[in-house]
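Structure first, commentary second.
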Amino acid sequence: MAIIVNLDVVMARRKISAGDLATKIGITPANLSVLKNQKAKAIRFSTLDELCKALDCQPSDILEYRKEE
């Protein structure tokens with residue numbers, strides 16, 4: 001997939017655990033894990049909004065496009 005999720009990198013920079021972040025944004029740790037581990041097929045804008053608020057970042061810090069070869 002050409003969309004890369006850099007959520008783990010942003011979380012490490014902010015020193016926040018997956019459990020704490022999941023609680024803060026109102027999703028289950030399992031759903032956060034799916035997103036963090038590149039297994040998600042989609043993300044709701046409302047979830048992306050909550051992630052950006054909680055991590056004080058931009059969507060481009062979390063999501064990256066890499067051209068497939």
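Residue names in the structure tokens use chain letters A, B, ... in the order shown, residue numbers from 1 in each chain, and ligand numbers from 1 in the order shown.
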Contacts of stretch 28-49 of chain A with stretch 5-10 of chain A up to 9 Å, shortest pair per row, only C-alpha atoms, as a tab-separated table:
```
residue	atom	partner	partner_atom	distance
A:Leu35	CA	A:Val5	CA	7.3
A:Lys36	CA	A:Leu7	CA	5.6
A:Asn37	CA	A:Val5	CA	7.8
A:Gln38	CA	A:Val5	CA	6.2
```
Prev. selection, N, CA and C atoms, output as a PDB file, in the first residue's frame:
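result.pdb, freshly written:
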```pdb
ATOM      1  N   LEU A  35      -4.548   0.292  13.338  1.00  0.00           N
ATOM      2  CA  LEU A  35      -4.097   1.487  12.623  1.00  0.00           C
ATOM      3  C   LEU A  35      -2.573   1.619  12.698  1.00  0.00           C
ATOM      4  N   LYS A  36      -2.041   1.458  13.888  1.00  0.00           N
ATOM      5  CA  LYS A  36      -0.606   1.623  14.114  1.00  0.00           C
ATOM      6  C   LYS A  36       0.234   0.609  13.347  1.00  0.00           C
ATOM      7  N   ASN A  37      -0.296  -0.597  13.158  1.00  0.00           N
ATOM      8  CA  ASN A  37       0.471  -1.673  12.525  1.00  0.00           C
ATOM      9  C   ASN A  37       0.187  -1.834  11.041  1.00  0.00           C
ATOM     10  N   GLN A  38      -0.301  -0.770  10.393  1.00  0.00           N
ATOM     11  CA  GLN A  38      -0.496  -0.751   8.940  1.00  0.00           C
ATOM     12  C   GLN A  38      -1.546  -1.747   8.453  1.00  0.00           C
TER      13      GLN A  38
END
```
DSSP on the backbone, helix (DSSP H, G or I) only: what residues of stretch 23-64 of chain A does that give? Format it as a ChimeraX atom specification. /A:23-25,29-36,45-55,59-62
How about saving the chosen residues, C-alpha atoms kept, as a PDB file, in the first residue's frame?
```pdb
ATOM      1  CA  THR A  23      -8.370   6.152  26.038  1.00  0.00           C
ATOM      2  CA  LYS A  24      -7.711   9.792  25.206  1.00  0.00           C
ATOM      3  CA  ILE A  25      -9.265   9.584  21.721  1.00  0.00           C
ATOM      4  CA  PRO A  29      -6.584  -0.359  22.062  1.00  0.00           C
ATOM      5  CA  ALA A  30      -7.225  -3.112  19.481  1.00  0.00           C
ATOM      6  CA  ASN A  31      -8.466  -0.605  16.892  1.00  0.00           C
ATOM      7  CA  LEU A  32      -5.515   1.679  17.588  1.00  0.00           C
ATOM      8  CA  SER A  33      -3.199  -1.304  17.121  1.00  0.00           C
ATOM      9  CA  VAL A  34      -4.767  -2.077  13.734  1.00  0.00           C
ATOM     10  CA  LEU A  35      -4.097   1.487  12.623  1.00  0.00           C
ATOM     11  CA  LYS A  36      -0.606   1.623  14.114  1.00  0.00           C
ATOM     12  CA  PHE A  45     -11.775  11.849   9.665  1.00  0.00           C
ATOM     13  CA  SER A  46     -13.161  12.105  13.202  1.00  0.00           C
ATOM     14  CA  THR A  47     -10.522   9.613  14.405  1.00  0.00           C
ATOM     15  CA  LEU A  48      -7.778  11.445  12.531  1.00  0.00           C
ATOM     16  CA  ASP A  49      -9.011  14.698  14.068  1.00  0.00           C
ATOM     17  CA  GLU A  50      -8.851  13.218  17.579  1.00  0.00           C
ATOM     18  CA  LEU A  51      -5.379  11.785  16.931  1.00  0.00           C
ATOM     19  CA  CYS A  52      -4.100  15.164  15.776  1.00  0.00           C
ATOM     20  CA  LYS A  53      -5.589  16.891  18.826  1.00  0.00           C
ATOM     21  CA  ALA A  54      -4.201  14.331  21.265  1.00  0.00           C
ATOM     22  CA  LEU A  55      -0.739  14.255  19.676  1.00  0.00           C
ATOM     23  CA  PRO A  59      -2.355  14.689   9.541  1.00  0.00           C
ATOM     24  CA  SER A  60       0.803  14.668   7.421  1.00  0.00           C
ATOM     25  CA  ASP A  61       2.810  13.732  10.531  1.00  0.00           C
ATOM     26  CA  ILE A  62       0.724  10.552  10.834  1.00  0.00           C
TER      27      ILE A  62
END
```
For atom CA of A:Gly19 and atom CA of A:Tyr65, quote the distance in Å rounded to one decimal.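 Spanning atom CA of A:Gly19 to atom CA of A:Tyr65 is a straight-line distance of 26.6 Å.
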Got a sec to tell me which of chain A DSSP assigns to strand (DSSP E or B), as a list in words?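 Written out, the strand (DSSP E or B) residues of chain A are Ile3, Ile4, Val5, Leu63, Glu64 and Tyr65 of chain A.
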Kindly indicate which residue among A:Arg13, A:Ile27, A:Asp20, A:Arg66 lies nearest to A:Arg44, using only C-alpha atoms for the distances. A:Ile27
What separates atom CA of A:Lys67 and atom CA of A:Ala18 is a distance of 28.3 Å
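Distances to A:Ile43 were evaluated for A:Thr28, A:Leu63, A:Ala22, A:Ala2 using only C-alpha atoms, and the minimum falls at A:Leu63.
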